[in-house]
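Engineer: Contents of model_27.txt (compact mmCIF, C-alpha atoms) are below:
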```
# COMPACT_ATOMS: atom_id res chain seq x y z
CA MET A 1 25.36 49.86 -34.03
CA GLY A 2 28.19 52.20 -35.08
CA LEU A 3 30.55 51.83 -37.97
CA HIS A 4 34.07 50.55 -37.42
CA GLN A 5 36.43 53.51 -37.15
CA PRO A 6 39.65 52.55 -38.98
CA SER A 7 42.82 52.81 -36.93
CA LEU A 8 45.98 54.05 -38.64
CA VAL A 9 49.58 54.61 -37.66
CA LEU A 10 51.62 57.14 -39.62
CA ALA A 11 55.40 56.64 -39.67
CA LEU A 12 56.56 59.78 -41.42
CA GLU A 13 59.68 61.67 -40.48
CA ASN A 14 58.26 64.94 -41.84
CA GLU A 15 56.16 66.43 -39.06
CA ASP A 16 54.21 68.75 -41.37
CA ALA A 17 53.23 65.91 -43.70
CA SER A 18 52.29 63.76 -40.73
CA SER A 19 50.06 66.47 -39.25
CA ALA A 20 48.38 67.20 -42.58
CA MET A 21 47.68 63.51 -43.18
CA ALA A 22 46.46 62.96 -39.63
CA GLY A 23 44.03 65.86 -39.95
CA ILE A 24 42.57 64.74 -43.26
CA LEU A 25 42.25 61.12 -42.11
CA TRP A 26 40.58 62.26 -38.89
CA LEU A 27 38.08 64.26 -40.95
CA LYS A 28 37.38 61.09 -42.96
CA GLY A 29 36.53 59.20 -39.76
CA CYS A 30 39.79 57.46 -38.90
CA THR A 31 41.65 57.24 -35.62
CA VAL A 32 45.22 58.30 -36.34
CA TYR A 33 48.43 57.81 -34.36
CA LYS A 34 51.65 59.54 -35.42
CA SER A 35 55.25 58.39 -35.09
CA LYS A 36 58.54 59.68 -36.48
CA SER A 37 60.59 56.49 -36.59
CA ALA A 38 60.37 52.73 -37.04
CA ASP A 39 60.86 52.15 -33.31
CA ALA A 40 58.13 54.64 -32.36
CA CYS A 41 55.81 53.05 -34.93
CA MET A 42 56.34 49.54 -33.53
CA GLU A 43 55.87 50.87 -30.00
CA GLN A 44 52.54 52.44 -31.02
CA ILE A 45 51.35 49.24 -32.71
CA ASN A 46 52.30 47.26 -29.58
CA LYS A 47 50.33 49.70 -27.40
CA LEU A 48 47.32 49.06 -29.63
CA ASP A 49 47.82 45.27 -29.34
CA GLY A 50 48.21 45.05 -33.11
CA LYS A 51 44.66 46.34 -33.65
CA VAL A 52 45.68 48.61 -36.50
CA ASP A 53 44.12 48.62 -39.95
CA VAL A 54 46.76 50.52 -41.94
CA VAL A 55 50.33 51.71 -41.41
CA VAL A 56 51.58 54.52 -43.66
CA ILE A 57 55.37 54.65 -43.90
CA SER A 58 57.78 56.97 -45.69
CA SER A 59 60.22 55.18 -47.97
CA GLU A 60 63.15 56.39 -45.87
CA ILE A 61 61.80 54.62 -42.79
CA ALA A 62 60.66 51.58 -44.82
CA LEU A 63 64.10 51.07 -46.37
CA ASN A 64 65.98 51.20 -43.05
CA ARG A 65 67.59 47.75 -43.10
CA ASP A 66 68.30 47.83 -39.37
CA ALA A 67 64.65 48.41 -38.47
CA MET A 68 62.93 46.23 -41.13
CA LEU A 69 59.65 47.89 -40.12
CA ILE A 70 57.45 46.34 -42.82
CA VAL A 71 58.66 42.83 -42.01
CA HIS A 72 58.11 43.34 -38.27
CA VAL A 73 54.62 44.76 -38.76
CA LYS A 74 53.60 41.85 -41.00
CA LYS A 75 55.00 39.34 -38.48
CA MET A 76 52.97 40.96 -35.72
CA ALA A 77 49.69 41.01 -37.66
CA PHE A 78 49.65 39.94 -41.29
CA ASN A 79 46.26 41.59 -41.90
CA ILE A 80 47.63 45.11 -41.29
CA LYS A 81 47.78 46.94 -44.62
CA ILE A 82 50.95 48.89 -45.37
CA LEU A 83 51.22 51.90 -47.68
CA VAL A 84 54.69 53.28 -48.39
CA ILE A 85 55.13 56.78 -49.78
CA GLY A 86 58.32 57.38 -51.73
CA ASP A 87 59.82 59.15 -54.69
CA GLU A 88 61.46 58.04 -57.92
CA SER A 89 64.75 57.28 -56.15
CA SER A 90 63.02 54.84 -53.74
CA ASP A 91 63.65 51.12 -54.21
CA LYS A 92 60.04 50.18 -54.92
CA THR A 93 60.91 46.53 -55.62
CA ARG A 94 62.60 46.07 -52.25
CA ILE A 95 59.73 47.83 -50.46
CA LEU A 96 57.17 45.52 -52.06
CA ASP A 97 59.41 42.49 -51.37
CA TYR A 98 59.41 43.45 -47.68
CA GLY A 99 55.62 43.03 -47.75
CA ALA A 100 54.13 46.48 -48.44
CA ASP A 101 50.62 46.31 -49.88
CA GLU A 102 50.88 49.54 -51.84
CA PHE A 103 53.53 52.02 -52.98
CA ALA A 104 52.59 55.64 -53.71
CA LEU A 105 54.85 58.00 -55.63
CA LYS A 106 55.37 61.61 -54.52
CA PRO A 107 54.31 64.26 -55.30
CA MET A 108 50.72 63.61 -54.30
CA SER A 109 48.14 65.53 -52.37
CA PRO A 110 47.02 64.57 -48.86
CA GLU A 111 43.52 63.95 -50.28
CA ASN A 112 44.87 61.48 -52.85
CA THR A 113 46.90 59.76 -50.14
CA ALA A 114 43.83 59.49 -47.91
CA ASP A 115 41.86 58.03 -50.81
CA LYS A 116 44.59 55.41 -51.39
CA ILE A 117 44.41 54.48 -47.71
CA LEU A 118 40.63 54.15 -47.80
CA MET A 119 40.89 52.00 -50.95
CA LEU A 120 43.31 49.70 -49.10
CA LEU A 121 40.71 49.35 -46.37
CA ALA A 122 37.95 48.68 -48.88
CA ARG A 123 39.82 45.88 -50.71
CA ASP A 124 39.13 43.27 -48.02
CA THR A 125 35.48 44.25 -47.74
CA VAL A 126 34.98 44.03 -51.51
CA ALA A 127 36.73 40.64 -51.67
CA GLU A 128 34.68 39.36 -48.73
CA ASN A 129 31.43 40.55 -50.33
CA ARG A 130 32.35 38.87 -53.61
CA SER A 131 33.13 35.55 -51.92
CA GLN A 132 29.83 35.66 -49.99
CA SER A 133 27.82 36.42 -53.12
CA ASN A 134 29.37 33.38 -54.84
CA LEU A 135 28.10 31.02 -52.13
```
Using structure tokens, write down the structure that the file contains.

Structural biologist:
Amino acid sequence: MGLHQPSLVLALENEDASSAMAGILWLKGCTVYKSKSADACMEQINKLDGKVDVVVISSEIALNRDAMLIVHVKKMAFNIKILVIGDESSDKTRILDYGADEFALKPMSPENTADKILMLLARDTVAENRSQSNL
């Protein structure tokens, strides 16, 4: 029996950042899909029938009021974890109100970002293990 390979969608408008993240996450055993916009991200999630573990979104894409990407992703599948990467000028409160699970502040290395993503994935497993040990 093989381990579950986490599936991620990156919605980053910076192609270099997206490629770097995709490469590191692939090396850590994840299946990664890249998109450059909210529409492309939703299209990718639809192609995968919502079977996505984590969506990583830049704050610029997350704060697009016309797209409302975080809200749409959570409506599609509430269990999908969402990490938003922004800077000090990002509206962190609004991003978290939209339903993001985590907000990361730039500058940060791709390794640190990958670790944050893997910690998001581990949260459910840890909570599940704790609830089973209390039975």

Engineer: When distances are computed from only C-alpha atoms, which of A:Asp49, A:Glu60, A:Asp124, A:Glu13 shows the smallest separation from Ser37 of chain A?

Structural biologist: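 Once distances to Ser37 of chain A are computed over only C-alpha atoms, the minimum belongs to A:Glu13.
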
Engineer: A:Pro6, A:Lys106, A:Gly99, A:Val55: which is nearest Ala122 of chain A, counting all atoms listed in the file?

Structural biologist: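 The shortest atom-to-atom distance to Ala122 of chain A comes from A:Pro6.
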
Engineer: Check the smallest atom-to-atom distance from each of A:Ala114, A:Leu105, A:Thr125, A:Leu69 to Val32 of chain A using all atoms listed in the file, then report the winner.

Structural biologist: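 Of all the options, A:Ala114 lies closest to Val32 of chain A.
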
Engineer: Between atom CA of Gly23 of chain A and atom CA of Arg94 of chain A, what is the distance in Å, rounded to a tenth?

Structural biologist: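 Here the two named atoms are 29.8 Å from each other.
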
Engineer: Which residue, A:Ser35, A:Ile85, A:Asn134, A:Asp101, has the smallest gap to Glu15 of chain A when you use all atoms listed in the file?

Structural biologist: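 Closest to Glu15 of chain A, using all atoms listed in the file: A:Ser35.
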
Engineer: Pick out the closest residue to Ser7 of chain A from this set: A:Asn64, A:Ser109, A:Ser19, A:Thr31. Count all atoms listed in the file.

Structural biologist: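 Looking at the shortest contact to Ser7 of chain A, the residue is A:Thr31.
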
Engineer: Could you tell me which of A:Ala62, A:Pro107, A:Glu102, A:Val54 comes closest to Glu88 of chain A if we count all atoms listed in the file?

Structural biologist: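 Smallest separation from Glu88 of chain A among the options: A:Pro107.
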
Engineer: Here's a test: counting all atoms listed in the file, identify every protein, DNA and RNA residue with an atom at most 9 Å from (54.5, 58.6, -37.9) in the file's coordinate frame, and state them as a ChimeraX atom specification.

Structural biologist: /A:9-15,18,33-38,40-41,55-58

Engineer: I want to know what sits within 8 Å of Ile24 of chain A, based on all atoms listed in the file, with residues of the same chain fewer than 2 positions away left out; could you give that as a JSON list (two decimals) with C-alpha atoms, in the frame of the given file?

Structural biologist:
```json
[["chain", "number", "residue", "atom", "x", "y", "z"],
["A", 20, "ALA", "CA", 48.38, 67.20, -42.58],
["A", 21, "MET", "CA", 47.68, 63.51, -43.18],
["A", 22, "ALA", "CA", 46.46, 62.96, -39.63],
["A", 26, "TRP", "CA", 40.58, 62.26, -38.89],
["A", 27, "LEU", "CA", 38.08, 64.26, -40.95],
["A", 28, "LYS", "CA", 37.38, 61.09, -42.96],
["A", 110, "PRO", "CA", 47.02, 64.57, -48.86],
["A", 111, "GLU", "CA", 43.52, 63.95, -50.28],
["A", 114, "ALA", "CA", 43.83, 59.49, -47.91]]
```

Engineer: Would you work out the distance separating atom CA of Ile80 of chain A from atom CA of Gly50 of chain A, expressed in Å to one decimal?

Structural biologist: 8.2 Å

Engineer: What is the atom CA of Ser90 of chain A to atom CA of Ser59 of chain A distance in Å?

Structural biologist: 6.4 Å
